[in-house]
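Source file: model_13.cif. Holds: mmCIF, C-alpha atoms and all ligand atoms.
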data_structure
#
loop_
_atom_site.group_PDB
_atom_site.id
_atom_site.type_symbol
_atom_site.label_atom_id
_atom_site.label_comp_id
_atom_site.auth_asym_id
_atom_site.auth_seq_id
_atom_site.Cartn_x
_atom_site.Cartn_y
_atom_site.Cartn_z
ATOM 1 C CA MET A 288 245.240 0.281 45.199
ATOM 2 C CA SER A 289 248.181 -2.092 45.061
ATOM 3 C CA ASP A 290 249.805 -2.545 41.678
ATOM 4 C CA TRP A 291 248.765 -5.334 39.364
ATOM 5 C CA SER A 292 250.490 -8.490 38.257
ATOM 6 C CA PRO A 293 250.012 -8.802 34.497
ATOM 7 C CA THR A 294 251.388 -12.364 34.629
ATOM 8 C CA GLN A 295 248.904 -13.567 37.252
ATOM 9 C CA TYR A 296 246.025 -11.751 35.535
ATOM 10 C CA LEU A 297 246.867 -13.253 32.131
ATOM 11 C CA ARG A 298 246.961 -16.824 33.495
ATOM 12 C CA TYR A 299 243.299 -17.056 32.579
ATOM 13 C CA ALA A 300 243.499 -14.800 29.535
ATOM 14 C CA GLY A 301 241.171 -17.017 27.498
ATOM 15 C CA HIS A 302 238.345 -16.993 30.049
ATOM 16 C CA ARG A 303 238.858 -13.298 30.754
ATOM 17 C CA LEU A 304 238.823 -12.454 27.039
ATOM 18 C CA ARG A 305 235.450 -13.968 26.209
ATOM 19 C CA PRO A 306 233.268 -11.340 27.961
ATOM 20 C CA ALA A 307 235.449 -8.626 26.433
ATOM 21 C CA LEU A 308 234.564 -9.939 22.974
ATOM 22 C CA ASP A 309 230.896 -10.425 23.896
ATOM 23 C CA LEU A 310 230.792 -6.765 24.899
ATOM 24 C CA LEU A 311 232.598 -5.622 21.771
ATOM 25 C CA ALA A 312 230.143 -7.517 19.567
ATOM 26 C CA GLN A 313 227.275 -5.342 20.834
ATOM 27 C CA ILE A 314 228.842 -1.967 20.025
ATOM 28 C CA PRO A 315 227.072 -0.578 16.954
ATOM 29 C CA ALA A 316 229.770 1.993 15.973
ATOM 30 C CA GLU A 317 230.973 1.366 12.428
ATOM 31 C CA ALA A 318 233.559 4.066 11.776
ATOM 32 C CA PRO A 319 234.426 5.808 15.052
ATOM 33 C CA GLN A 320 237.372 8.225 15.060
ATOM 34 C CA SER A 321 238.225 8.195 18.751
ATOM 35 C CA VAL A 322 238.067 5.080 20.919
ATOM 36 C CA TYR A 323 239.246 4.723 24.533
ATOM 37 C CA ASP A 324 239.836 1.493 26.456
ATOM 38 C CA LEU A 325 239.331 2.501 30.099
ATOM 39 C CA GLY A 326 241.395 0.402 32.525
ATOM 40 C CA CYS A 327 243.093 -1.336 29.598
ATOM 41 C CA GLY A 328 245.397 -3.517 31.739
ATOM 42 C CA PRO A 329 247.915 -5.479 29.656
ATOM 43 C CA GLY A 330 246.421 -4.101 26.439
ATOM 44 C CA ASN A 331 245.408 -7.352 24.769
ATOM 45 C CA VAL A 332 241.825 -6.106 24.371
ATOM 46 C CA THR A 333 242.957 -2.619 23.288
ATOM 47 C CA ARG A 334 244.742 -4.282 20.375
ATOM 48 C CA ILE A 335 241.491 -5.979 19.345
ATOM 49 C CA LEU A 336 239.651 -2.637 19.443
ATOM 50 C CA ALA A 337 242.374 -1.136 17.232
ATOM 51 C CA GLU A 338 242.085 -3.999 14.772
ATOM 52 C CA ARG A 339 238.290 -3.697 14.592
ATOM 53 C CA TRP A 340 238.423 0.071 14.017
ATOM 54 C CA ALA A 341 241.635 0.433 12.015
ATOM 55 C CA ALA A 342 240.854 4.021 10.998
ATOM 56 C CA ALA A 343 240.273 5.176 14.582
ATOM 57 C CA SER A 344 242.704 6.538 17.140
ATOM 58 C CA VAL A 345 242.547 3.935 19.942
ATOM 59 C CA LYS A 346 243.957 4.827 23.368
ATOM 60 C CA GLY A 347 244.347 2.466 26.304
ATOM 61 C CA LEU A 348 244.239 4.186 29.707
ATOM 62 C CA ASP A 349 245.322 2.655 33.002
ATOM 63 C CA SER A 350 246.681 3.760 36.366
ATOM 64 C CA SER A 351 249.013 0.758 36.770
ATOM 65 C CA ALA A 352 252.607 1.290 35.648
ATOM 66 C CA GLU A 353 253.160 -2.472 35.451
ATOM 67 C CA MET A 354 250.121 -3.054 33.279
ATOM 68 C CA LEU A 355 251.055 -0.194 30.930
ATOM 69 C CA ALA A 356 254.642 -1.440 30.654
ATOM 70 C CA LYS A 357 253.324 -4.842 29.612
ATOM 71 C CA ALA A 358 250.891 -3.255 27.139
ATOM 72 C CA ARG A 359 253.567 -1.070 25.517
ATOM 73 C CA ALA A 360 256.031 -3.953 25.268
ATOM 74 C CA GLU A 361 253.732 -6.030 23.055
ATOM 75 C CA ARG A 362 255.143 -6.728 19.613
ATOM 76 C CA ASP A 363 253.539 -5.700 16.339
ATOM 77 C CA LEU A 364 251.016 -3.351 17.912
ATOM 78 C CA PRO A 365 248.710 -1.736 15.360
ATOM 79 C CA THR A 366 249.937 1.784 14.517
ATOM 80 C CA ASN A 367 246.635 3.367 15.611
ATOM 81 C CA VAL A 368 246.991 2.255 19.254
ATOM 82 C CA SER A 369 248.700 4.069 22.126
ATOM 83 C CA PHE A 370 248.701 3.819 25.913
ATOM 84 C CA GLU A 371 248.536 6.551 28.559
ATOM 85 C CA THR A 372 248.619 6.763 32.326
ATOM 86 C CA ALA A 373 245.329 8.017 33.739
ATOM 87 C CA ASP A 374 243.260 7.762 36.893
ATOM 88 C CA LEU A 375 239.708 7.201 35.719
ATOM 89 C CA HIS A 376 238.333 8.853 38.842
ATOM 90 C CA THR A 377 239.439 12.197 37.426
ATOM 91 C CA TRP A 378 240.213 11.579 33.721
ATOM 92 C CA SER A 379 238.408 13.478 31.011
ATOM 93 C CA PRO A 380 239.204 13.636 27.274
ATOM 94 C CA ALA A 381 240.228 16.887 25.570
ATOM 95 C CA SER A 382 237.093 16.735 23.413
ATOM 96 C CA GLN A 383 234.083 14.463 23.083
ATOM 97 C CA VAL A 384 234.778 10.939 21.805
ATOM 98 C CA ASP A 385 232.977 8.190 19.866
ATOM 99 C CA VAL A 386 233.488 5.031 21.935
ATOM 100 C CA LEU A 387 234.314 4.512 25.599
ATOM 101 C CA TYR A 388 234.958 0.828 26.216
ATOM 102 C CA SER A 389 235.781 -0.726 29.585
ATOM 103 C CA ASN A 390 236.201 -4.420 30.319
ATOM 104 C CA ALA A 391 236.525 -5.616 33.924
ATOM 105 C CA ALA A 392 237.881 -2.336 35.277
ATOM 106 C CA LEU A 393 235.179 0.036 36.552
ATOM 107 C CA GLN A 394 234.372 -2.250 39.502
ATOM 108 C CA TRP A 395 237.605 -0.900 40.994
ATOM 109 C CA LEU A 396 236.199 2.631 40.972
ATOM 110 C CA THR A 397 233.755 4.113 43.472
ATOM 111 C CA GLN A 398 230.736 6.423 43.176
ATOM 112 C CA HIS A 399 229.249 4.872 40.068
ATOM 113 C CA GLU A 400 226.296 7.268 40.303
ATOM 114 C CA VAL A 401 228.766 10.061 39.462
ATOM 115 C CA LEU A 402 231.187 8.104 37.266
ATOM 116 C CA PHE A 403 228.731 6.650 34.748
ATOM 117 C CA PRO A 404 226.930 9.914 33.856
ATOM 118 C CA ARG A 405 230.310 11.654 33.629
ATOM 119 C CA LEU A 406 231.585 9.035 31.176
ATOM 120 C CA LEU A 407 228.406 9.243 29.100
ATOM 121 C CA ASN A 408 228.792 13.017 28.875
ATOM 122 C CA HIS A 409 232.273 12.546 27.387
ATOM 123 C CA LEU A 410 230.615 11.033 24.281
ATOM 124 C CA ARG A 411 229.542 12.769 21.135
ATOM 125 C CA PRO A 412 225.798 12.421 20.473
ATOM 126 C CA GLY A 413 225.384 8.916 19.024
ATOM 127 C CA GLY A 414 228.564 7.697 20.749
ATOM 128 C CA THR A 415 228.708 4.480 22.787
ATOM 129 C CA LEU A 416 229.656 3.703 26.385
ATOM 130 C CA ALA A 417 230.276 -0.057 26.689
ATOM 131 C CA VAL A 418 231.102 -1.552 30.090
ATOM 132 C CA GLN A 419 231.524 -5.044 31.491
ATOM 133 C CA MET A 420 231.989 -5.625 35.219
ATOM 134 C CA PRO A 421 231.993 -8.825 37.288
ATOM 135 C CA ARG A 422 228.910 -9.098 39.489
ATOM 136 C CA ASN A 423 229.752 -12.240 41.384
ATOM 137 C CA HIS A 424 230.440 -10.724 44.765
ATOM 138 C CA ALA A 425 227.883 -12.967 46.460
ATOM 139 C CA ALA A 426 229.618 -16.102 45.120
ATOM 140 C CA PRO A 427 231.778 -18.251 47.456
ATOM 141 C CA SER A 428 234.934 -17.138 45.578
ATOM 142 C CA HIS A 429 234.290 -13.681 47.070
ATOM 143 C CA THR A 430 232.323 -14.303 50.284
ATOM 144 C CA SER A 431 235.172 -16.636 51.347
ATOM 145 C CA MET A 432 237.477 -13.597 51.432
ATOM 146 C CA LEU A 433 235.399 -12.140 54.262
ATOM 147 C CA GLU A 434 234.843 -15.483 55.977
ATOM 148 C CA ALA A 435 238.548 -16.378 55.893
ATOM 149 C CA ALA A 436 239.446 -12.995 57.396
ATOM 150 C CA SER A 437 236.957 -13.543 60.194
ATOM 151 C CA ASN A 438 238.110 -17.139 60.827
ATOM 152 C CA VAL A 439 241.778 -16.204 61.263
ATOM 153 C CA GLY A 440 241.246 -12.944 63.184
ATOM 154 C CA LEU A 441 242.233 -10.581 60.378
ATOM 155 C CA LEU A 442 238.882 -8.937 59.767
ATOM 156 C CA GLU A 443 239.773 -5.576 61.317
ATOM 157 C CA GLU A 444 243.052 -5.405 59.407
ATOM 158 C CA LEU A 445 241.524 -6.367 56.063
ATOM 159 C CA ARG A 446 238.210 -4.525 56.305
ATOM 160 C CA PRO A 447 239.611 -1.215 54.935
ATOM 161 C CA VAL A 448 240.754 -2.899 51.691
ATOM 162 C CA MET A 449 237.694 -5.136 51.292
ATOM 163 C CA ARG A 450 235.222 -4.095 48.617
ATOM 164 C CA LEU A 451 232.141 -6.157 49.353
ATOM 165 C CA HIS A 452 229.645 -4.632 46.888
ATOM 166 C CA PRO A 453 231.584 -2.774 44.205
ATOM 167 C CA VAL A 454 228.956 -3.310 41.490
ATOM 168 C CA ALA A 455 225.275 -2.404 41.950
ATOM 169 C CA GLU A 456 222.089 -3.999 40.607
ATOM 170 C CA PRO A 457 221.443 -3.712 36.853
ATOM 171 C CA ALA A 458 218.463 -1.405 37.524
ATOM 172 C CA PHE A 459 220.762 1.065 39.293
ATOM 173 C CA TYR A 460 222.796 1.551 36.106
ATOM 174 C CA TYR A 461 219.637 1.804 34.027
ATOM 175 C CA ASP A 462 218.258 4.548 36.290
ATOM 176 C CA VAL A 463 221.553 6.456 36.262
ATOM 177 C CA LEU A 464 222.031 6.326 32.481
ATOM 178 C CA ALA A 465 218.539 6.295 30.933
ATOM 179 C CA PRO A 466 217.748 10.003 31.528
ATOM 180 C CA LEU A 467 220.944 10.946 29.630
ATOM 181 C CA ALA A 468 221.006 8.280 26.896
ATOM 182 C CA ALA A 469 219.138 7.582 23.660
ATOM 183 C CA LYS A 470 219.306 3.846 24.400
ATOM 184 C CA VAL A 471 220.485 1.662 27.282
ATOM 185 C CA ASP A 472 221.022 -2.072 26.793
ATOM 186 C CA ILE A 473 221.876 -4.112 29.928
ATOM 187 C CA TRP A 474 222.302 -7.845 30.313
ATOM 188 C CA GLU A 475 224.027 -10.418 32.497
ATOM 189 C CA THR A 476 225.781 -13.647 31.607
ATOM 190 C CA THR A 477 227.101 -16.355 33.921
ATOM 191 C CA TYR A 478 230.124 -18.070 32.368
ATOM 192 C CA VAL A 479 230.557 -21.581 33.761
ATOM 193 C CA GLN A 480 234.322 -21.779 33.480
ATOM 194 C CA PRO A 481 236.164 -25.105 33.669
ATOM 195 C CA LEU A 482 239.583 -24.412 35.217
ATOM 196 C CA GLU A 483 242.608 -26.708 35.355
ATOM 197 C CA GLY A 484 244.895 -27.413 38.302
ATOM 198 C CA ASP A 485 244.844 -27.599 42.071
ATOM 199 C CA ASN A 486 242.266 -25.205 43.608
ATOM 200 C CA PRO A 487 242.350 -22.871 40.587
ATOM 201 C CA VAL A 488 239.800 -20.511 42.170
ATOM 202 C CA VAL A 489 242.635 -19.148 44.328
ATOM 203 C CA GLU A 490 244.839 -18.667 41.280
ATOM 204 C CA TRP A 491 241.953 -16.874 39.558
ATOM 205 C CA THR A 492 241.188 -14.445 42.398
ATOM 206 C CA LYS A 493 244.906 -13.832 43.053
ATOM 207 C CA GLY A 494 244.872 -12.107 39.655
ATOM 208 C CA SER A 495 241.989 -9.849 40.662
ATOM 209 C CA ALA A 496 239.895 -9.363 43.829
ATOM 210 C CA LEU A 497 242.125 -11.267 46.284
ATOM 211 C CA ARG A 498 245.213 -9.341 45.312
ATOM 212 C CA PRO A 499 244.694 -6.128 47.355
ATOM 213 C CA LEU A 500 243.964 -8.250 50.445
ATOM 214 C CA LEU A 501 247.147 -10.309 50.114
ATOM 215 C CA ASP A 502 249.153 -7.148 49.473
ATOM 216 C CA ALA A 503 247.818 -5.599 52.691
ATOM 217 C CA LEU A 504 249.281 -8.369 54.896
ATOM 218 C CA ASP A 505 252.808 -9.167 56.008
ATOM 219 C CA GLU A 506 254.308 -12.472 54.875
ATOM 220 C CA ARG A 507 253.265 -14.467 57.961
ATOM 221 C CA LYS A 508 249.669 -13.251 58.014
ATOM 222 C CA ARG A 509 249.402 -13.605 54.236
ATOM 223 C CA ALA A 510 250.303 -17.294 54.473
ATOM 224 C CA ILE A 511 247.730 -17.882 57.237
ATOM 225 C CA TYR A 512 245.008 -15.966 55.412
ATOM 226 C CA GLN A 513 245.661 -17.571 52.050
ATOM 227 C CA ALA A 514 245.643 -21.053 53.589
ATOM 228 C CA GLU A 515 242.219 -20.411 55.149
ATOM 229 C CA TYR A 516 240.850 -18.862 51.950
ATOM 230 C CA SER A 517 242.170 -21.881 50.003
ATOM 231 C CA ARG A 518 240.502 -24.281 52.419
ATOM 232 C CA LEU A 519 237.136 -22.546 52.059
ATOM 233 C CA THR A 520 237.249 -22.269 48.267
ATOM 234 C CA ALA A 521 238.428 -25.874 47.826
ATOM 235 C CA ALA A 522 235.331 -26.995 49.754
ATOM 236 C CA ALA A 523 232.996 -24.668 47.820
ATOM 237 C CA TYR A 524 234.372 -25.614 44.385
ATOM 238 C CA PRO A 525 235.015 -29.373 44.301
ATOM 239 C CA ARG A 526 236.739 -30.989 41.335
ATOM 240 C CA ARG A 527 234.485 -32.503 38.716
ATOM 241 C CA THR A 528 234.917 -36.110 37.618
ATOM 242 C CA ASP A 529 237.279 -35.027 34.807
ATOM 243 C CA GLY A 530 239.584 -33.318 37.344
ATOM 244 C CA ARG A 531 238.645 -29.777 36.391
ATOM 245 C CA THR A 532 236.949 -27.244 38.681
ATOM 246 C CA LEU A 533 233.933 -25.225 37.584
ATOM 247 C CA LEU A 534 233.977 -21.530 38.477
ATOM 248 C CA PRO A 535 230.590 -19.991 37.578
ATOM 249 C CA PHE A 536 231.172 -16.272 37.041
ATOM 250 C CA ARG A 537 228.399 -13.698 36.583
ATOM 251 C CA ARG A 538 229.131 -10.553 34.616
ATOM 252 C CA LEU A 539 227.106 -7.400 33.999
ATOM 253 C CA PHE A 540 227.134 -5.745 30.573
ATOM 254 C CA ILE A 541 226.025 -2.193 29.788
ATOM 255 C CA VAL A 542 225.907 -0.609 26.324
ATOM 256 C CA ALA A 543 224.562 2.943 26.380
ATOM 257 C CA THR A 544 224.203 5.159 23.315
ATOM 258 C CA ARG A 545 224.201 8.867 23.931
HETATM 259 C C1 LIG B 1 240.987 -6.598 35.834
HETATM 260 S S1 LIG B 1 242.004 -5.476 34.959
HETATM 261 C C2 LIG B 1 241.211 -5.409 33.359
HETATM 262 C C3 LIG B 1 242.180 -5.157 32.256
HETATM 263 C C4 LIG B 1 241.602 -5.130 30.831
HETATM 264 N N1 LIG B 1 240.538 -4.171 30.676
HETATM 265 C C5 LIG B 1 241.136 -6.481 30.366
HETATM 266 O O1 LIG B 1 239.983 -6.621 29.997
HETATM 267 O O2 LIG B 1 241.936 -7.424 30.365
HETATM 268 C C6 LIG B 1 241.518 -3.939 35.707
HETATM 269 C C7 LIG B 1 242.404 -2.776 35.331
HETATM 270 O O3 LIG B 1 241.801 -1.574 35.823
HETATM 271 C C8 LIG B 1 242.848 -0.712 36.203
HETATM 272 N N2 LIG B 1 242.341 0.314 37.113
HETATM 273 C C9 LIG B 1 241.812 0.123 38.346
HETATM 274 N N3 LIG B 1 241.489 1.311 38.888
HETATM 275 C C10 LIG B 1 241.803 2.261 37.981
HETATM 276 C C11 LIG B 1 241.712 3.697 37.953
HETATM 277 N N4 LIG B 1 241.213 4.388 38.996
HETATM 278 N N5 LIG B 1 242.154 4.352 36.860
HETATM 279 C C12 LIG B 1 242.672 3.675 35.803
HETATM 280 N N6 LIG B 1 242.778 2.317 35.769
HETATM 281 C C13 LIG B 1 242.356 1.630 36.840
HETATM 282 C C14 LIG B 1 243.866 -1.634 36.840
HETATM 283 O O4 LIG B 1 245.149 -1.044 36.903
HETATM 284 C C15 LIG B 1 243.804 -2.854 35.925
HETATM 285 O O5 LIG B 1 244.757 -2.804 34.894
#
Would you mind writing the file out in structure tokens?
Amino acid sequence: MSDWSPTQYLRYAGHRLRPALDLLAQIPAEAPQSVYDLGCGPGNVTRILAERWAAASVKGLDSSAEMLAKARAERDLPTNVSFETADLHTWSPASQVDVLYSNAALQWLTQHEVLFPRLLNHLRPGGTLAVQMPRNHAAPSHTSMLEAASNVGLLEELRPVMRLHPVAEPAFYYDVLAPLAAKVDIWETTYVQPLEGDNPVVEWTKGSALRPLLDALDERKRAIYQAEYSRLTAAAYPRRTDGRTLLPFRRLFIVATR
């Protein structure tokens, strides 16, 4: 995967933070000793985990050098937090842990039928796996990525980096986790996000799902593709009367106790 832009991702830090906190609020652990933030990105959520569980060792893991550099450069980090490079496809802890938390990251990984049971098995009995992933891949913000590629003749070039269905139905995760867990709690929330500026949907997806597609193109093709994607999303997400644009965004939450 191409590397991440912490600056672009953090443009909508407020909207992106809310589901992270909604997930955190449902974790029952009171005094965990070992907490991992899987795909921690710029580390702003890892800090919140460390503040909630001040007596725990809290580690943020990510595969992006740029994201980890941003996370480590933050000032006044709690002393119980640290950051490590890891590829979550292969990562495993040295011993079983209390909390595995992951906000908006596991949708970038494949083979969830293998990944989720593996993560659950890294927990001590009674430990918690808490995951939030976007599940808005049927929304125009995402279907327009495919449509734009088709409209400008870039479908073949972009198809290898397109991830059309990275997150499965809620029942899939229930079926995968329930045989191994004491309790599985799953829910979805659609956040109706008012965004400022000119076609902010493009700015939003440039910080996440659109990024690997833009990175796969040379400068000329990127400009053509982005213009077509912008045209489609501007039509799908018109400005409201107050000048803002609403981006409804559905997210899937999973809290499993081993
Ligand atoms: C959308 S960001 C989420 C960051 C953070 N969790 C938050 O809530 O703000 C997704 C992160 O997952 C990381 N990531 C993607 N694939 C990964 C992998 N295989 N191993 C580790 N991290 C990965 C990316 O580098 C990126 O920082």
First collect every listed atom of ligand LIG 1 (chain B); then fit an axis-aligned box around them, widen it by 8 Å on each side, and give centre and edge lengths in Å to one decimal, as lines of an AutoDock Vina configuration file.
center_x = 242.6
center_y = -1.5
center_z = 34.5
size_x = 21.2
size_y = 27.8
size_z = 25.0
(message) Taking the file as I've supplied it (selection: the PyMOL selection byres (((not hetatm)) within 6 of (chain B and resi 1))), which residues are included? Please answer as a count of residues only.
(response) 19
(request) Would you write out, as a PyMOL selection string, every residue that the PyMOL selection byres (((chain A and resi 530-532) around 7) and not hetatm) captures in this file? (result) chain A and resi 481-484+524-529+533-534
(request) Show me as a PyMOL selection string the residues that reach within 10 Å of (234.9, -14.7, 29.5), counting only C-alpha atoms and using the file's own coordinates. (result) chain A and resi 299-309+476-480+536-538
(request) Convert the output of the PyMOL selection byres (((chain A and resi 358) around 9) and not hetatm) on the shown file into explicit residues, formatted as a ChimeraX atom specification. (result) /A:327-331,333,347,353-357,359-361,370
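Proximity ranking of A:Arg518, A:His399, A:Arg405, A:His452 relative to Ala426 in chain A places A:His452 first, based on all atoms listed in the file.
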(request) Find the residue from A:Gln313, A:Ser437, A:Ser428, A:Thr294 that sits nearest to Asn486 in chain A; use all atoms listed in the file when measuring. (result) A:Ser428
(request) Would you list the residues near (240.6, -8.0, 61.0) (no more than 12 Å away, in the coordinates of the file, using all atoms listed in the file) as a list in words? (result)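 In the file's frame, the residues around the point are Met432, Leu433, Glu434, Ala435, Ala436, Ser437, Asn438, Val439, Gly440, Leu441, Leu442, Glu443, Glu444, Leu445, Arg446, Pro447, Val448, Met449, Leu500, Ala503, Leu504, Lys508 and Tyr512 of chain A.
The gap separating CA of Glu475 in chain A from CA of Ala458 in chain A is 11.7 Å, in Å to one decimal.
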(request) Name the residues in contact with Leu310 in chain A at a cut-off of 10 Å, using only C-alpha atoms, excluding same-chain residues fewer than 5 positions from it; report them as a PyMOL selection string. (result) chain A and resi 305+388-390+417-419+539-542
(message) Env of Pro412 in chain A: 12 Å cut, atoms = only C-alpha atoms, seq-sep filter 5 positions within chain, self excluded. Answer as a ChimeraX atom specification.
(response) /A:383-386,407,467-470,543-545
(request) Could you check how far CA of Leu410 in chain A sits from CA of Asp472 in chain A, in Å to one decimal? (result)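 According to the coordinates, CA of Leu410 in chain A and CA of Asp472 in chain A are separated by 16.4 Å.
Taking CA of Leu416 in chain A and CA of Ala455 in chain A as endpoints, the distance between them is 17.3 Å.
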(request) List the neighbours of Val463 in chain A out to 8 Å using only C-alpha atoms; skip same-chain residues closer than 5 positions along the sequence, and give me the result as a list in words. (result)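 Non-adjacent residues within range: Glu400, Phe403 and Pro404 of chain A.
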Output C-alpha atoms of each residue in that selection to a file, as a PDB file, in the frame of the given file.
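Output file selection08.pdb is given in full below:
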ATOM      1  CA  GLU A 400     226.296   7.268  40.303  1.00  0.00           C
ATOM      2  CA  PHE A 403     228.731   6.650  34.748  1.00  0.00           C
ATOM      3  CA  PRO A 404     226.930   9.914  33.856  1.00  0.00           C
TER       4      PRO A 404
END
(request) Would you please work out which residue, of A:Leu364, A:Val489, A:Leu501, A:Ala496, is nearest to Ala521 in chain A when using all atoms listed in the file? (result)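 So, comparing all the options, the nearest one is A:Val489.
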(message) I'd like to know which of A:Pro535, A:Ile473, A:Asp505, A:Glu490 is closest to Asn423 in chain A, using all atoms listed in the file.
(response) A:Pro535
